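Raw contents of final06.txt, compact mmCIF, C-alpha atoms:
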# COMPACT_ATOMS: atom_id res chain seq x y z
CA MET A 1 -32.42 -88.33 -79.39
CA ALA A 2 -30.75 -91.72 -79.05
CA SER A 3 -32.46 -94.77 -80.49
CA SER A 4 -32.40 -98.55 -80.24
CA ARG A 5 -33.79 -101.44 -82.27
CA SER A 6 -37.14 -102.67 -81.03
CA LEU A 7 -38.36 -106.26 -80.89
CA ASN A 8 -41.61 -105.10 -82.48
CA GLY A 9 -39.79 -103.59 -85.45
CA GLY A 10 -38.31 -100.23 -86.29
CA SER A 11 -35.98 -97.98 -84.38
CA LEU A 12 -37.62 -95.65 -81.86
CA PRO A 13 -35.94 -92.59 -80.32
CA PHE A 14 -35.55 -92.35 -76.55
CA SER A 15 -36.14 -89.13 -74.66
CA SER A 16 -33.25 -89.77 -72.27
CA GLN A 17 -29.99 -91.67 -71.96
CA ARG A 18 -31.46 -93.50 -68.99
CA LEU A 19 -34.20 -95.04 -71.09
CA LEU A 20 -31.72 -95.95 -73.80
CA ALA A 21 -29.45 -97.62 -71.23
CA LEU A 22 -32.43 -99.50 -69.79
CA ALA A 23 -33.45 -100.71 -73.25
CA GLN A 24 -29.93 -101.95 -73.91
CA GLN A 25 -29.77 -103.66 -70.51
CA LEU A 26 -33.07 -105.47 -70.94
CA SER A 27 -32.38 -106.45 -74.55
CA HIS A 28 -29.69 -108.83 -73.26
CA TYR A 29 -32.07 -110.63 -70.92
CA LYS A 30 -32.81 -114.24 -71.75
CA PRO A 31 -35.68 -115.85 -69.80
CA PRO A 32 -34.90 -119.23 -68.24
CA PRO A 33 -36.52 -122.30 -69.84
CA CYS A 34 -40.13 -122.72 -68.75
CA SER A 35 -40.86 -125.98 -66.95
CA LEU A 36 -44.13 -126.15 -68.88
CA ASP A 37 -42.10 -126.59 -72.07
CA ASP A 38 -39.99 -129.45 -70.76
CA GLY A 39 -42.04 -132.18 -72.38
CA ASP A 40 -45.35 -133.98 -72.13
CA GLU A 41 -44.88 -134.88 -68.47
CA GLN A 42 -44.78 -131.23 -67.44
CA GLU A 43 -47.60 -130.40 -69.86
CA ARG A 44 -49.69 -132.91 -67.93
CA ILE A 45 -50.60 -130.41 -65.27
CA ILE A 46 -53.60 -132.09 -63.77
CA GLU A 47 -55.56 -135.29 -63.54
CA GLU A 48 -58.74 -134.94 -61.55
CA THR A 49 -60.66 -136.84 -58.98
CA VAL A 50 -62.52 -133.96 -57.35
CA GLY A 51 -63.38 -131.68 -60.31
CA LYS A 52 -60.85 -128.95 -59.40
CA VAL A 53 -57.55 -127.79 -60.81
CA VAL A 54 -54.38 -126.30 -59.38
CA SER A 55 -52.59 -123.50 -61.21
CA GLN A 56 -48.95 -122.48 -61.17
CA VAL A 57 -49.57 -118.97 -59.85
CA GLY A 58 -48.99 -118.91 -56.11
CA VAL A 59 -50.02 -115.31 -55.73
CA GLN A 60 -53.74 -115.82 -55.81
CA GLU A 61 -56.25 -118.57 -55.24
CA SER A 62 -56.13 -121.23 -57.89
CA VAL A 63 -59.05 -123.60 -57.72
CA THR A 64 -61.11 -123.61 -60.90
CA PRO A 65 -63.94 -125.94 -62.06
CA ILE A 66 -63.09 -128.24 -64.94
CA ALA A 67 -64.90 -130.94 -66.87
CA GLN A 68 -65.60 -134.19 -65.10
CA ASN A 69 -63.29 -136.17 -67.38
CA PRO A 70 -60.52 -133.83 -68.60
CA GLU A 71 -57.76 -134.90 -70.94
CA ASN A 72 -54.17 -133.76 -70.50
CA PHE A 73 -54.31 -130.00 -70.00
CA LYS A 74 -52.40 -127.69 -72.33
CA PRO A 75 -52.75 -124.04 -71.27
CA LYS A 76 -53.88 -121.35 -73.68
CA ARG A 77 -51.62 -118.34 -74.17
CA ALA A 78 -52.07 -114.74 -73.09
CA ALA A 79 -49.72 -111.78 -72.79
CA VAL A 80 -49.55 -108.59 -70.75
CA LEU A 81 -47.69 -105.38 -71.52
CA ILE A 82 -45.38 -103.90 -68.88
CA CYS A 83 -45.17 -100.43 -70.41
CA LEU A 84 -42.51 -98.29 -68.71
CA PHE A 85 -41.82 -94.59 -69.05
CA GLU A 86 -39.87 -91.89 -67.26
CA GLY A 87 -42.00 -89.76 -64.93
CA ASP A 88 -41.68 -86.03 -64.35
CA ALA A 89 -39.55 -86.72 -61.27
CA GLY A 90 -37.22 -88.98 -63.26
CA ASP A 91 -38.58 -92.22 -61.82
CA LEU A 92 -39.54 -95.25 -63.87
CA ARG A 93 -43.29 -95.78 -63.94
CA VAL A 94 -45.57 -98.52 -65.25
CA ILE A 95 -48.98 -98.14 -66.87
CA LEU A 96 -51.80 -100.00 -65.08
CA THR A 97 -55.54 -100.33 -65.50
CA LYS A 98 -58.51 -100.75 -63.21
CA ARG A 99 -60.72 -103.36 -64.78
CA SER A 100 -64.29 -102.46 -65.61
CA SER A 101 -66.87 -103.01 -62.89
CA ARG A 102 -69.07 -104.54 -65.60
CA LEU A 103 -66.81 -107.55 -66.09
CA THR A 104 -67.92 -110.87 -64.65
CA THR A 105 -64.41 -111.85 -63.49
CA HIS A 106 -61.92 -109.72 -61.52
CA SER A 107 -64.12 -106.65 -61.91
CA GLY A 108 -62.62 -103.50 -60.41
CA GLU A 109 -59.21 -105.11 -59.88
CA VAL A 110 -55.89 -103.64 -61.03
CA SER A 111 -54.18 -105.32 -63.95
CA LEU A 112 -51.64 -104.78 -66.69
CA PRO A 113 -52.97 -104.20 -70.21
CA GLY A 114 -53.21 -107.53 -72.00
CA GLY A 115 -55.31 -110.55 -72.76
CA LYS A 116 -55.65 -113.87 -74.57
CA ALA A 117 -53.84 -114.60 -77.79
CA GLU A 118 -55.92 -114.57 -80.97
CA GLU A 119 -55.43 -116.73 -84.01
CA GLY A 120 -53.95 -113.89 -86.07
CA ASP A 121 -51.30 -112.92 -83.49
CA LYS A 122 -47.84 -113.89 -84.73
CA ASP A 123 -46.30 -113.87 -81.23
CA ASP A 124 -46.70 -112.76 -77.61
CA ILE A 125 -45.50 -109.26 -78.44
CA GLU A 126 -48.32 -108.77 -80.93
CA THR A 127 -50.83 -110.13 -78.43
CA ALA A 128 -49.70 -107.71 -75.70
CA THR A 129 -49.55 -104.62 -77.92
CA ARG A 130 -52.84 -105.42 -79.69
CA GLU A 131 -54.64 -105.85 -76.38
CA ALA A 132 -53.11 -102.63 -75.01
CA LYS A 133 -54.40 -100.73 -78.03
CA GLU A 134 -57.87 -102.27 -77.67
CA GLU A 135 -58.07 -101.67 -73.91
CA ILE A 136 -56.47 -98.24 -73.44
CA GLY A 137 -55.75 -96.86 -76.93
CA LEU A 138 -51.98 -97.29 -76.70
CA ASP A 139 -50.60 -97.18 -80.24
CA PRO A 140 -47.98 -99.95 -80.66
CA SER A 141 -45.82 -97.54 -82.68
CA LEU A 142 -45.19 -95.55 -79.48
CA VAL A 143 -43.77 -98.54 -77.60
CA ASN A 144 -40.27 -99.91 -77.95
CA ILE A 145 -40.46 -103.61 -76.99
CA VAL A 146 -37.19 -104.57 -75.34
CA THR A 147 -37.65 -108.05 -73.87
CA VAL A 148 -40.05 -110.84 -72.94
CA LEU A 149 -40.11 -112.46 -69.49
CA GLU A 150 -40.66 -116.09 -68.55
CA PRO A 151 -44.33 -117.16 -68.56
CA PHE A 152 -46.62 -117.26 -65.55
CA LEU A 153 -49.55 -119.64 -65.23
CA SER A 154 -52.67 -117.80 -64.15
CA LYS A 155 -55.49 -118.78 -61.87
CA HIS A 156 -57.58 -119.54 -64.93
CA LEU A 157 -54.83 -121.72 -66.39
CA LEU A 158 -53.64 -119.25 -69.00
CA ARG A 159 -49.95 -119.15 -69.78
CA VAL A 160 -49.35 -115.41 -69.37
CA VAL A 161 -46.23 -113.96 -70.98
CA PRO A 162 -45.10 -110.53 -69.69
CA VAL A 163 -43.75 -108.28 -72.45
CA ILE A 164 -41.66 -105.27 -71.41
CA GLY A 165 -41.84 -102.13 -73.54
CA ILE A 166 -40.67 -98.55 -73.13
CA LEU A 167 -42.98 -95.66 -73.96
CA THR A 168 -40.61 -93.29 -75.70
CA ASP A 169 -42.90 -90.25 -75.68
CA LYS A 170 -45.35 -90.14 -72.77
CA LYS A 171 -47.00 -86.95 -74.03
CA ALA A 172 -47.96 -88.67 -77.28
CA PHE A 173 -50.04 -91.24 -75.38
CA LYS A 174 -53.58 -90.08 -74.68
CA PRO A 175 -55.36 -92.87 -72.77
CA THR A 176 -58.73 -93.84 -74.23
CA PRO A 177 -60.00 -96.69 -72.04
CA ASN A 178 -62.47 -99.11 -73.56
CA PRO A 179 -65.42 -98.82 -71.13
CA ALA A 180 -66.35 -102.47 -71.66
CA GLU A 181 -62.98 -103.55 -70.26
CA VAL A 182 -61.36 -100.67 -68.36
CA ASP A 183 -62.67 -98.09 -65.89
CA GLU A 184 -59.41 -96.22 -65.26
CA VAL A 185 -55.86 -95.91 -66.56
CA PHE A 186 -53.14 -94.82 -64.14
CA ASP A 187 -49.44 -95.30 -63.52
CA ALA A 188 -47.32 -96.25 -60.51
CA PRO A 189 -43.60 -96.26 -59.72
CA LEU A 190 -42.04 -99.56 -60.74
CA GLU A 191 -39.60 -99.50 -57.82
CA MET A 192 -42.43 -99.84 -55.28
CA PHE A 193 -42.67 -103.52 -56.20
CA ILE A 194 -39.29 -104.34 -54.68
CA LYS A 195 -39.73 -102.10 -51.63
CA ASP A 196 -41.24 -103.18 -48.34
CA GLU A 197 -43.38 -100.05 -48.02
CA ASN A 198 -47.17 -100.02 -48.34
CA ARG A 199 -47.08 -103.79 -48.68
CA THR A 200 -48.96 -106.47 -46.80
CA GLU A 201 -48.91 -110.21 -47.20
CA GLU A 202 -51.00 -113.27 -46.54
CA GLU A 203 -49.64 -116.75 -46.01
CA ARG A 204 -51.23 -119.51 -48.07
CA GLU A 205 -50.45 -123.19 -48.44
CA TRP A 206 -50.29 -125.52 -51.44
CA MET A 207 -49.53 -129.23 -51.14
CA GLY A 208 -47.84 -128.65 -47.80
CA GLU A 209 -45.74 -125.77 -49.18
CA LYS A 210 -46.36 -122.37 -47.63
CA TYR A 211 -46.09 -119.26 -49.76
CA LEU A 212 -46.84 -115.54 -49.53
CA LEU A 213 -49.48 -113.57 -51.40
CA HIS A 214 -48.41 -109.90 -51.73
CA PHE A 215 -50.64 -106.81 -51.70
CA PHE A 216 -49.29 -103.37 -52.65
CA GLU A 217 -51.23 -100.22 -51.78
CA TYR A 218 -50.82 -97.18 -54.00
CA GLU A 219 -52.38 -93.71 -53.87
CA THR A 220 -52.09 -91.31 -56.80
CA GLU A 221 -50.58 -87.94 -55.92
CA LYS A 222 -53.06 -85.63 -57.63
CA GLU A 223 -56.41 -87.42 -57.49
CA LYS A 224 -55.64 -89.27 -54.21
CA ARG A 225 -57.19 -92.40 -55.63
CA LYS A 226 -56.25 -95.62 -53.89
CA TYR A 227 -55.49 -98.93 -55.57
CA ILE A 228 -54.48 -102.41 -54.45
CA ILE A 229 -52.13 -104.32 -56.75
CA TRP A 230 -51.96 -108.02 -55.94
CA GLY A 231 -52.09 -111.54 -57.33
CA LEU A 232 -50.68 -112.26 -60.76
CA THR A 233 -50.16 -108.56 -61.51
CA ALA A 234 -48.10 -108.06 -58.35
CA GLY A 235 -46.08 -111.20 -59.05
CA VAL A 236 -45.26 -110.08 -62.59
CA LEU A 237 -44.26 -106.60 -61.42
CA ILE A 238 -42.06 -107.93 -58.62
CA ARG A 239 -40.21 -109.94 -61.24
CA ALA A 240 -39.99 -107.01 -63.66
CA ALA A 241 -38.79 -104.55 -61.00
CA SER A 242 -36.16 -107.03 -59.77
CA LEU A 243 -34.86 -107.34 -63.33
CA VAL A 244 -34.91 -103.62 -64.12
CA TYR A 245 -33.23 -102.55 -60.86
CA GLN A 246 -31.02 -105.66 -60.80
CA GLN A 247 -31.76 -106.43 -57.18
CA PRO A 248 -34.08 -108.75 -55.27
CA PRO A 249 -37.10 -107.37 -53.39
CA ALA A 250 -36.57 -106.09 -49.85
CA PHE A 251 -39.03 -108.69 -48.58
CA LEU A 252 -39.34 -112.44 -48.70
CA GLU A 253 -41.16 -113.53 -51.85
CA GLN A 254 -41.60 -117.17 -50.81
CA ASN A 255 -43.15 -118.64 -53.94
CA PRO A 256 -44.58 -122.16 -53.88
CA LYS A 257 -42.65 -124.93 -55.58
CA PHE A 258 -44.46 -125.66 -58.80
CA LYS A 259 -43.77 -129.29 -59.57
CA PHE A 260 -47.05 -130.88 -60.45
CA PRO A 261 -47.85 -134.45 -59.44
CA LYS A 262 -49.37 -136.91 -61.87
CA ILE A 263 -52.50 -137.17 -59.78
CA VAL A 264 -54.36 -134.31 -58.13
CA ASP A 265 -56.70 -135.66 -55.47
CA ARG A 266 -58.89 -134.26 -52.70
CA ASN A 267 -55.79 -133.51 -50.63
CA THR A 268 -54.32 -131.30 -53.36
CA VAL A 269 -55.82 -127.89 -52.65
CA MET A 270 -54.74 -124.28 -52.20
CA ARG A 271 -56.16 -122.43 -49.25
Same coordinates, now as structure tokens:
Amino acid sequence: MASSRSLNGGSLPFSSQRLLALAQQLSHYKPPPCSLDDGDEQERIIEETVGKVVSQVGVQESVTPIAQNPENFKPKRAAVLICLFEGDAGDLRVILTKRSSRLTTHSGEVSLPGGKAEEGDKDDIETATREAKEEIGLDPSLVNIVTVLEPFLSKHLLRVVPVIGILTDKKAFKPTPNPAEVDEVFDAPLEMFIKDENRTEEEREWMGEKYLLHFFEYETEKEKRKYIIWGLTAGVLIRAASLVYQQPPAFLEQNPKFKFPKIVDRNTVMR
């Protein structure tokens, strides 16, 4: 088996030349500078007059209560793991979860494994792999981390960093979902997120800028279970699929322009 150096340490063997080539391709990717890191002015995301905030993610609603007198907002960090593997039919697939119905936020929705950074995490890679192990029992030693994408800002004002890893031995991974966080673990073809099949969209508006919110429908072949992938998760996977397949999606993404004003007033809303 061929192998490649991993960003999370070690050298993991790949089960096919395709996966090795993909790892080498993605290892050369350099994310563009994040506007949120361009200085204090961009860190000053909101000033309030109506007790609401506006987030950078244009793929889901983004109005969240905040304190009556907030100081300059600096988002907390989180990371998600885009874990890819080669399916039986030779297609690239991504591991997804259906969030527990017991959760108070986003219960029953589809998401990537991941979560908020903890004090002991040395970087976004450790956050993503630690959370994946806690949520679905994915041992970090099975995943070859190949690159990190540019951050997204979530509805809840978390700076979410997507981490791409390759599962070198799918058979070695036996999903053990944490019932407090995850109801189901499944996988879907990555390519579906740049295709215009089984996709619907809704037009939204933010500060006079219209944008599209994408919904992808997926049905598993064996169990015939149906899932809807949308919002932040869909946006991250559109970006990942575009990078992996080196082509833009077959549909108009139409993201909002995220340049935050100094003052957010009652006219600054997403709907």
When you look at His214 of chain A with a cut-off of 8 Å (counting only C-alpha atoms), what residues show up, excluding the ones that are within fewer than 2 positions of it in the same chain? I need them as an MDAnalysis selection string. chainID A and resid 59 199:202 212 216 230:231 234:235
Who sits within 9 Å of Val182 of chain A, all atoms listed in the file, same chain under 6 positions skipped, as a compact mmCIF listing (two decimals) with C-alpha atoms, keeping the file's coordinate frame:
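For reference, around-v9.txt as written:
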# COMPACT_ATOMS: atom_id res chain seq x y z
CA THR A 97 -55.54 -100.33 -65.50
CA LYS A 98 -58.51 -100.75 -63.21
CA ARG A 99 -60.72 -103.36 -64.78
CA SER A 100 -64.29 -102.46 -65.61
CA SER A 101 -66.87 -103.01 -62.89
CA GLY A 108 -62.62 -103.50 -60.41
CA GLU A 135 -58.07 -101.67 -73.91
CA ILE A 136 -56.47 -98.24 -73.44
For each of A:Pro248, A:Pro75, A:Pro179, A:Gly87, take the minimum atom-to-atom distance to Ser15 of chain A, counting only C-alpha atoms, then give the residue where this is smallest. A:Gly87
Using atom CA of Ser111 of chain A and atom CA of Asn255 of chain A as the two end points, give the distance in Å to one decimal.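 Computing it gives 20.0 Å between the two atoms.
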Atom CA of Ile238 of chain A to atom CA of Lys195 of chain A, distance in Å rounded to a single decimal: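 Going from atom CA of Ile238 of chain A over to atom CA of Lys195 of chain A covers 9.4 Å.
When only C-alpha atoms are used to measure the gap to Lys170 of chain A, the shortest distance among A:Val94, A:Val110, A:Ala21, A:Ile229 belongs to A:Val94.
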Give me the residues near Leu92 of chain A as a list in words, where near means some atom within 8 Å (using all atoms listed in the file) and where sequence neighbours in that chain fewer than 5 positions away do not count.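 Listed by chain and then number, they are Leu84, Phe85, Glu86, Gly87, Pro189, Leu190 and Glu191 of chain A.
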May I ask for the distance between atom CA of Thr220 of chain A and atom CA of Ala188 of chain A, given in Å to one decimal place? 7.8 Å
Which residue out of A:Glu253, A:Lys224, A:Val143, A:Val185 has the minimum interatomic distance to Asp169 of chain A when only C-alpha atoms are used?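 Closest to Asp169 of chain A, using only C-alpha atoms: A:Val143.
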Ref. answer, residues at most 12 Å from (-39.5, -112.5, -61.8) with all atoms listed in the file, as a ChimeraX atom specification: /A:29,31-32,148-152,161-162,193-194,232-249,253,255
Of the listed residues A:Arg102, A:Arg77, A:Arg93, A:Lys30, that which approaches Ala128 of chain A most closely, counting all atoms listed in the file: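 Distance minimum relative to Ala128 of chain A lands on A:Arg77.
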Check the smallest atom-to-atom distance from each of A:Pro13, A:Gly120, A:Gly165, A:Gly137 to Glu181 of chain A using all atoms listed in the file, then report the winner.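 That would be A:Gly137, the residue with the smallest distance to Glu181 of chain A.
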Using all atoms listed in the file, the residue out of A:Ile228, A:Leu167, A:Val80, A:Val146 with shortest distance to Ser16 of chain A is A:Leu167
